[in-house]
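Source file: query27.txt. Holds: compact mmCIF, C-alpha atoms.
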# COMPACT_ATOMS: atom_id res chain seq x y z
CA MET G 1 28.60 3.33 -11.58
CA ARG G 2 25.72 1.01 -10.63
CA GLU G 3 26.00 -2.75 -10.88
CA PRO G 4 23.78 -4.17 -13.67
CA ASP G 5 21.83 -6.37 -11.26
CA MET G 6 21.18 -3.66 -8.68
CA LYS G 7 17.55 -3.54 -7.57
CA ARG G 8 15.99 -0.27 -8.61
CA LEU G 9 12.76 1.56 -7.92
CA PHE G 10 10.62 2.58 -10.90
CA LEU G 11 7.90 5.06 -10.01
CA PHE G 12 5.30 5.58 -12.72
CA ASP G 13 2.95 8.46 -13.16
CA PHE G 14 -0.38 6.91 -14.16
CA ASP G 15 -2.40 9.10 -16.51
CA GLY G 16 -0.66 9.56 -19.84
CA VAL G 17 2.14 7.14 -18.99
CA VAL G 18 0.45 3.82 -18.16
CA VAL G 19 -2.94 4.63 -19.67
CA ASP G 20 -4.50 7.01 -22.18
CA SER G 21 -7.01 8.75 -19.91
CA LEU G 22 -6.86 12.39 -20.97
CA GLU G 23 -10.47 12.61 -22.14
CA LEU G 24 -11.88 11.08 -18.95
CA TYR G 25 -9.57 13.03 -16.65
CA GLU G 26 -10.44 16.36 -18.28
CA HIS G 27 -14.14 15.50 -18.20
CA SER G 28 -14.03 14.56 -14.51
CA VAL G 29 -12.15 17.72 -13.52
CA ASN G 30 -14.63 19.91 -15.37
CA LEU G 31 -17.54 18.08 -13.72
CA CYS G 32 -16.02 18.79 -10.32
CA LEU G 33 -15.55 22.47 -11.12
CA GLU G 34 -19.15 22.76 -12.28
CA LYS G 35 -20.36 21.08 -9.08
CA LEU G 36 -18.42 23.70 -7.13
CA GLY G 37 -20.03 26.50 -9.14
CA LEU G 38 -16.81 27.30 -10.98
CA PRO G 39 -16.27 27.63 -14.75
CA PRO G 40 -14.77 24.60 -16.49
CA PHE G 41 -11.54 24.84 -18.44
CA ARG G 42 -12.16 26.61 -21.73
CA SER G 43 -9.87 24.41 -23.77
CA ARG G 44 -7.66 21.36 -23.54
CA GLN G 45 -4.63 23.58 -23.87
CA GLU G 46 -5.68 25.53 -20.78
CA PHE G 47 -6.32 22.27 -18.92
CA LEU G 48 -2.89 20.85 -19.78
CA ARG G 49 -1.15 24.01 -18.59
CA VAL G 50 -2.19 23.12 -15.04
CA PHE G 51 0.17 20.13 -15.26
CA GLU G 52 3.19 22.37 -15.66
CA ASP G 53 2.98 22.40 -11.86
CA ASN G 54 1.69 19.98 -9.25
CA PHE G 55 -1.94 19.51 -10.29
CA TYR G 56 -3.40 20.47 -6.91
CA GLU G 57 -1.14 23.49 -6.54
CA GLY G 58 -2.10 24.45 -10.08
CA ILE G 59 -5.85 24.40 -9.49
CA GLY G 60 -5.34 26.08 -6.13
CA LYS G 61 -3.64 28.99 -7.89
CA LYS G 62 -6.75 29.27 -10.06
CA GLY G 63 -8.88 29.82 -6.96
CA VAL G 64 -10.17 26.28 -6.49
CA ASP G 65 -10.76 25.10 -2.91
CA VAL G 66 -8.67 21.91 -3.09
CA PRO G 67 -10.27 20.01 -0.16
CA ALA G 68 -13.73 20.79 -1.55
CA PHE G 69 -12.58 19.69 -5.01
CA THR G 70 -11.28 16.34 -3.74
CA LYS G 71 -14.49 15.73 -1.80
CA VAL G 72 -16.62 16.29 -4.90
CA SER G 73 -14.20 14.21 -6.97
CA ALA G 74 -14.57 11.26 -4.60
CA GLU G 75 -18.36 11.55 -4.77
CA LEU G 76 -18.34 11.56 -8.57
CA ALA G 77 -15.74 8.81 -9.02
CA PRO G 78 -18.11 5.79 -8.94
CA SER G 79 -20.26 7.26 -11.72
CA LEU G 80 -17.45 7.75 -14.25
CA ASN G 81 -17.10 5.51 -17.29
CA TYR G 82 -13.66 3.98 -16.82
CA SER G 83 -14.07 1.79 -19.90
CA LYS G 84 -13.10 4.86 -21.94
CA VAL G 85 -9.55 4.54 -20.62
CA THR G 86 -7.18 2.44 -22.72
CA PRO G 87 -3.80 1.03 -21.68
CA VAL G 88 -0.49 1.82 -23.31
CA ARG G 89 -0.13 -1.71 -24.68
CA GLU G 90 3.51 -1.29 -25.71
CA LEU G 91 4.26 -0.81 -22.02
CA GLU G 92 2.92 -4.21 -20.95
CA PRO G 93 5.94 -6.40 -21.89
CA VAL G 94 8.26 -3.74 -20.49
CA LEU G 95 6.50 -3.78 -17.12
CA GLU G 96 6.56 -7.58 -17.15
CA ASN G 97 10.31 -7.50 -17.68
CA LEU G 98 11.09 -4.77 -15.15
CA ARG G 99 9.07 -6.27 -12.33
CA LYS G 100 11.20 -9.44 -12.39
CA ARG G 101 14.22 -7.50 -11.13
CA HIS G 102 12.98 -4.25 -9.69
CA THR G 103 10.27 -2.63 -7.56
CA LEU G 104 7.50 -0.86 -9.47
CA ALA G 105 4.97 1.57 -8.00
CA ILE G 106 2.55 4.25 -9.14
CA VAL G 107 2.85 7.82 -7.87
CA SER G 108 -0.06 9.84 -9.24
CA SER G 109 -2.33 12.84 -8.73
CA ASN G 110 -5.31 10.63 -9.52
CA SER G 111 -7.25 8.88 -6.77
CA ASN G 112 -6.48 5.36 -5.63
CA TYR G 113 -10.09 4.45 -6.41
CA ALA G 114 -9.77 5.46 -10.06
CA ILE G 115 -6.32 3.94 -10.49
CA GLU G 116 -7.35 0.60 -8.97
CA ARG G 117 -10.55 0.47 -11.03
CA ILE G 118 -8.66 1.12 -14.24
CA LEU G 119 -5.78 -1.26 -13.45
CA SER G 120 -8.27 -4.00 -12.68
CA GLY G 121 -10.06 -3.42 -15.97
CA ILE G 122 -6.92 -3.53 -18.12
CA GLY G 123 -5.10 -6.26 -16.22
CA TYR G 124 -2.07 -4.19 -15.22
CA GLY G 125 -2.55 -4.40 -11.45
CA ARG G 126 -0.11 -7.31 -11.17
CA PHE G 127 2.83 -5.14 -12.17
CA PHE G 128 2.77 -2.66 -9.29
CA ASP G 129 3.72 -3.23 -5.67
CA GLU G 130 2.13 -0.03 -4.41
CA ILE G 131 -0.13 2.84 -5.45
CA LEU G 132 0.37 6.29 -3.98
CA GLY G 133 -2.47 8.44 -5.28
CA SER G 134 -4.10 11.63 -4.09
CA ASP G 135 -5.66 9.75 -1.15
CA PHE G 136 -2.17 9.42 0.36
CA MET G 137 -1.05 13.04 -0.11
CA PHE G 138 -1.15 15.68 -2.84
CA SER G 139 2.56 16.36 -3.27
CA LYS G 140 4.44 13.98 -5.54
CA VAL G 141 7.65 15.25 -3.95
CA GLU G 142 6.52 13.95 -0.57
CA LYS G 143 5.17 10.71 -2.04
CA ILE G 144 8.45 10.00 -3.80
CA ARG G 145 10.45 10.77 -0.66
CA HIS G 146 8.16 8.54 1.38
CA ILE G 147 8.56 5.49 -0.83
CA THR G 148 12.30 5.90 -1.37
CA GLU G 149 12.89 6.17 2.37
CA ARG G 150 10.69 3.18 3.09
CA THR G 151 12.26 0.96 0.43
CA GLY G 152 15.78 2.22 1.03
CA ILE G 153 16.23 2.72 -2.73
CA GLN G 154 17.20 6.35 -3.14
CA GLY G 155 19.02 8.79 -5.41
CA ASN G 156 20.41 7.19 -8.55
CA GLY G 157 18.57 3.95 -7.84
CA THR G 158 15.12 5.50 -8.24
CA PHE G 159 13.53 6.63 -11.51
CA TYR G 160 10.34 8.64 -11.84
CA ILE G 161 8.61 8.16 -15.19
CA GLY G 162 6.30 11.05 -16.10
CA ASP G 163 4.69 12.76 -19.08
CA THR G 164 4.29 16.34 -17.87
CA VAL G 165 6.60 19.18 -16.93
CA GLY G 166 5.15 19.12 -13.42
CA ASP G 167 6.09 15.44 -13.05
CA ILE G 168 9.70 16.12 -13.95
CA LEU G 169 10.03 19.18 -11.72
CA GLU G 170 8.58 17.40 -8.68
CA ALA G 171 10.75 14.32 -9.21
CA LYS G 172 13.84 16.52 -9.50
CA GLN G 173 12.89 18.24 -6.26
CA ALA G 174 12.58 14.82 -4.62
CA GLY G 175 16.13 14.00 -5.67
CA VAL G 176 15.54 11.04 -8.00
CA LYS G 177 16.35 10.36 -11.65
CA THR G 178 13.75 11.67 -14.08
CA VAL G 179 12.42 9.95 -17.21
CA ALA G 180 10.15 12.01 -19.46
CA VAL G 181 8.01 10.05 -21.94
CA THR G 182 6.74 11.57 -25.16
CA TRP G 183 3.60 9.43 -25.59
CA GLY G 184 1.69 11.31 -22.87
CA TRP G 185 0.14 14.71 -22.26
CA HIS G 186 2.94 17.23 -22.79
CA THR G 187 4.94 17.56 -25.99
CA LYS G 188 8.53 16.49 -26.43
CA GLU G 189 9.53 20.15 -26.73
CA GLN G 190 7.83 21.06 -23.44
CA LEU G 191 9.43 18.14 -21.65
CA ALA G 192 12.90 18.92 -23.00
CA VAL G 193 12.75 22.37 -21.40
CA ALA G 194 12.28 20.67 -18.00
CA ASN G 195 15.68 19.00 -18.60
CA PRO G 196 14.89 15.40 -17.58
CA ASP G 197 17.70 12.89 -17.14
CA TYR G 198 16.14 10.77 -19.87
CA LEU G 199 13.73 11.73 -22.66
CA ILE G 200 12.28 8.66 -24.36
CA ASP G 201 9.91 8.04 -27.25
CA SER G 202 8.97 4.40 -26.63
CA PRO G 203 8.36 2.16 -23.59
CA GLU G 204 11.09 -0.25 -24.73
CA GLU G 205 13.70 2.39 -23.95
CA LEU G 206 12.96 1.89 -20.24
CA LEU G 207 14.73 -1.45 -20.50
CA ASP G 208 17.98 0.35 -21.30
CA ILE G 209 17.63 2.05 -17.93
CA GLY G 210 16.46 -1.02 -16.01

Written as structure tokens, how would this file's structure read?
Amino acid sequence: MREPDMKRLFLFDFDGVVVDSLELYEHSVNLCLEKLGLPPFRSRQEFLRVFEDNFYEGIGKKGVDVPAFTKVSAELAPSLNYSKVTPVRELEPVLENLRKRHTLAIVSSNSNYAIERILSGIGYGRFFDEILGSDFMFSKVEKIRHITERTGIQGNGTFYIGDTVGDILEAKQAGVKTVAVTWGWHTKEQLAVANPDYLIDSPEELLDIG
């Protein structure tokens, strides 16, 4: 059993967990597909199914050239309207509390550029010690392993907080504790099937873990 004051590592997915960015994310992905001469997603439901896997593996299975996609995405990034993205405000006091005792980082499929722009706009940048976005590597499994090895906080001392089935599956593969949140992109029922260690309905419940 862990000591109550043990320093832990909280790794947050970004989109859907820290911010409500679904509309912008879907729009940007469809723009990239159109630039590549590919059809956009036909519905939001189809778009969200990609996140039952690692996002980049998911679009790769649909025939998208992932390096070409990321190149176009980087070119489009400065033109996107990031003011459309709103923070999960109930998370703010929780992050403030957790960061006093633990290490907090973002592990996301989004780009560092987009994450940093959004964090700056909403004032949440102060909470996170590190951002590992798609610029670092595509696999969340590898990103999680990288940061746990570097910090020395592994296994039961690390928690990945995600809102999609793909998040939970990758975090399980990386060997850390998984926290599925129901205020994001996938439904509570979908997340339950992925069998996370914790399934929570409000940000305050993270304090029971931390």

Tyr25 in chain G environment, 10 Å, only C-alpha atoms, sequence neighbours closer than 6 positions dropped, as a PyMOL selection string: chain G and resi 15+31+80+82+85+110

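Using all atoms listed in the file, the smallest distance between any of G:Ser83, G:Gln173, G:Thr164, G:Asn112 and Gln190 in chain G comes from G:Thr164.
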
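Among the candidates G:Tyr160, G:Phe127, G:Ser73, G:Glu52, the residue lying nearest to Leu91 in chain G is G:Phe127 (atoms considered: only C-alpha atoms).
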
For Phe69 in chain G, which of G:Gly37, G:Gly16, G:Gly184, G:Gly152 is the closest residue, counting all atoms listed in the file? G:Gly37

Which is closest to His27 in chain G among G:Leu76, G:Leu207, G:Ala68, G:Val50, if we use all atoms listed in the file?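 With all atoms listed in the file as the atom set, the closest residue is G:Leu76.
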
Quick one: residues within 8 Å of range 41-43 of chain G, all atoms listed in the file, excluding same-chain residues fewer than 3 positions away - as a PDB file with C-alpha atoms, in the frame of the given file?
ATOM      1  CA  ASN G  30     -14.630  19.910 -15.370  1.00  0.00           C
ATOM      2  CA  GLU G  46      -5.680  25.530 -20.780  1.00  0.00           C
ATOM      3  CA  PHE G  47      -6.320  22.270 -18.920  1.00  0.00           C
TER       4      PHE G  47
END

Rounded to one decimal in Å, what is the spacing between CA of Ile168 in chain G and CA of Asn81 in chain G?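 One can read the CA of Ile168 in chain G to CA of Asn81 in chain G distance as 29.0 Å.
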
Which polymer residues have any atom within 9 Å of an atom of Gly157 in chain G, counting only C-alpha atoms, with same-chain residues fewer than 2 positions away left out, as a compact mmCIF listing (two decimals) with C-alpha atoms, in the frame of the given file?
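What follows is the written file result13.txt:
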# COMPACT_ATOMS: atom_id res chain seq x y z
CA ARG G 2 25.72 1.01 -10.63
CA MET G 6 21.18 -3.66 -8.68
CA LYS G 7 17.55 -3.54 -7.57
CA ARG G 8 15.99 -0.27 -8.61
CA LEU G 9 12.76 1.56 -7.92
CA PHE G 10 10.62 2.58 -10.90
CA ILE G 153 16.23 2.72 -2.73
CA GLN G 154 17.20 6.35 -3.14
CA GLY G 155 19.02 8.79 -5.41
CA PHE G 159 13.53 6.63 -11.51
CA VAL G 176 15.54 11.04 -8.00
CA LYS G 177 16.35 10.36 -11.65

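Surrounding residues of (3.5, 19.9, -17.5) at most 8 Å away are G:Leu48, G:Arg49, G:Val50, G:Phe51, G:Glu52, G:Asp53, G:Asp163, G:Thr164, G:Val165, G:Gly166, G:Asp167, G:Trp185, G:His186, G:Gln190, G:Leu191 (based on all atoms listed in the file).
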
Taking the structure in the block just given, could you write range 138-203 of chain G with C-alpha atoms, as a PDB file, in the first residue's frame?
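The file below, out.pdb, is the result:
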ATOM      1  CA  PHE G 138       2.962   9.300 -31.925  1.00  0.00           C
ATOM      2  CA  SER G 139       2.618   6.413 -29.481  1.00  0.00           C
ATOM      3  CA  LYS G 140       1.216   7.267 -26.065  1.00  0.00           C
ATOM      4  CA  VAL G 141       2.621   3.956 -24.831  1.00  0.00           C
ATOM      5  CA  GLU G 142       6.140   5.117 -25.644  1.00  0.00           C
ATOM      6  CA  LYS G 143       5.522   8.620 -24.286  1.00  0.00           C
ATOM      7  CA  ILE G 144       4.248   7.244 -20.995  1.00  0.00           C
ATOM      8  CA  ARG G 145       7.189   4.851 -20.705  1.00  0.00           C
ATOM      9  CA  HIS G 146       9.601   7.675 -21.490  1.00  0.00           C
ATOM     10  CA  ILE G 147       8.336   9.991 -18.780  1.00  0.00           C
ATOM     11  CA  THR G 148       7.968   7.301 -16.125  1.00  0.00           C
ATOM     12  CA  GLU G 149      11.519   6.110 -16.715  1.00  0.00           C
ATOM     13  CA  ARG G 150      12.877   9.647 -16.646  1.00  0.00           C
ATOM     14  CA  THR G 151      11.037  10.654 -13.475  1.00  0.00           C
ATOM     15  CA  GLY G 152      11.514   7.306 -11.778  1.00  0.00           C
ATOM     16  CA  ILE G 153       7.793   7.233 -10.887  1.00  0.00           C
ATOM     17  CA  GLN G 154       6.480   4.006 -12.345  1.00  0.00           C
ATOM     18  CA  GLY G 155       3.763   1.376 -11.989  1.00  0.00           C
ATOM     19  CA  ASN G 156       1.289   2.121  -9.221  1.00  0.00           C
ATOM     20  CA  GLY G 157       2.721   5.604  -8.731  1.00  0.00           C
ATOM     21  CA  THR G 158       1.671   6.821 -12.185  1.00  0.00           C
ATOM     22  CA  PHE G 159      -1.879   7.562 -13.317  1.00  0.00           C
ATOM     23  CA  TYR G 160      -2.964   8.264 -16.872  1.00  0.00           C
ATOM     24  CA  ILE G 161      -6.170  10.302 -17.093  1.00  0.00           C
ATOM     25  CA  GLY G 162      -7.988   9.860 -20.411  1.00  0.00           C
ATOM     26  CA  ASP G 163     -11.422  10.155 -21.983  1.00  0.00           C
ATOM     27  CA  THR G 164     -11.273   7.605 -24.802  1.00  0.00           C
ATOM     28  CA  VAL G 165     -10.975   3.851 -25.079  1.00  0.00           C
ATOM     29  CA  GLY G 166      -7.689   4.296 -26.930  1.00  0.00           C
ATOM     30  CA  ASP G 167      -6.268   6.302 -24.016  1.00  0.00           C
ATOM     31  CA  ILE G 168      -7.070   3.553 -21.539  1.00  0.00           C
ATOM     32  CA  LEU G 169      -5.744   0.743 -23.726  1.00  0.00           C
ATOM     33  CA  GLU G 170      -2.441   2.522 -24.390  1.00  0.00           C
ATOM     34  CA  ALA G 171      -1.959   3.415 -20.728  1.00  0.00           C
ATOM     35  CA  LYS G 172      -2.621  -0.197 -19.734  1.00  0.00           C
ATOM     36  CA  GLN G 173      -0.045  -1.336 -22.261  1.00  0.00           C
ATOM     37  CA  ALA G 174       2.436   1.113 -20.737  1.00  0.00           C
ATOM     38  CA  GLY G 175       1.899  -0.474 -17.336  1.00  0.00           C
ATOM     39  CA  VAL G 176       0.431   2.448 -15.389  1.00  0.00           C
ATOM     40  CA  LYS G 177      -2.832   2.996 -13.515  1.00  0.00           C
ATOM     41  CA  THR G 178      -5.704   4.153 -15.710  1.00  0.00           C
ATOM     42  CA  VAL G 179      -8.328   6.786 -14.906  1.00  0.00           C
ATOM     43  CA  ALA G 180     -11.209   7.149 -17.360  1.00  0.00           C
ATOM     44  CA  VAL G 181     -13.207  10.390 -17.159  1.00  0.00           C
ATOM     45  CA  THR G 182     -16.792  10.634 -18.314  1.00  0.00           C
ATOM     46  CA  TRP G 183     -16.839  14.353 -19.214  1.00  0.00           C
ATOM     47  CA  GLY G 184     -14.880  13.810 -22.439  1.00  0.00           C
ATOM     48  CA  TRP G 185     -15.329  12.251 -25.868  1.00  0.00           C
ATOM     49  CA  HIS G 186     -16.321   8.633 -25.226  1.00  0.00           C
ATOM     50  CA  THR G 187     -19.344   7.583 -23.207  1.00  0.00           C
ATOM     51  CA  LYS G 188     -19.229   6.049 -19.760  1.00  0.00           C
ATOM     52  CA  GLU G 189     -20.442   2.763 -21.231  1.00  0.00           C
ATOM     53  CA  GLN G 190     -17.653   2.697 -23.830  1.00  0.00           C
ATOM     54  CA  LEU G 191     -15.027   3.487 -21.220  1.00  0.00           C
ATOM     55  CA  ALA G 192     -16.293   0.830 -18.815  1.00  0.00           C
ATOM     56  CA  VAL G 193     -15.707  -1.848 -21.458  1.00  0.00           C
ATOM     57  CA  ALA G 194     -12.017  -0.843 -21.526  1.00  0.00           C
ATOM     58  CA  ASN G 195     -11.901  -1.772 -17.807  1.00  0.00           C
ATOM     59  CA  PRO G 196      -9.998   1.227 -16.383  1.00  0.00           C
ATOM     60  CA  ASP G 197      -8.696   1.123 -12.825  1.00  0.00           C
ATOM     61  CA  TYR G 198     -10.854   4.142 -12.026  1.00  0.00           C
ATOM     62  CA  LEU G 199     -13.953   5.483 -13.784  1.00  0.00           C
ATOM     63  CA  ILE G 200     -14.849   8.963 -12.546  1.00  0.00           C
ATOM     64  CA  ASP G 201     -17.623  11.445 -13.256  1.00  0.00           C
ATOM     65  CA  SER G 202     -16.105  14.632 -11.824  1.00  0.00           C
ATOM     66  CA  PRO G 203     -12.615  16.196 -11.583  1.00  0.00           C
TER      67      PRO G 203
END
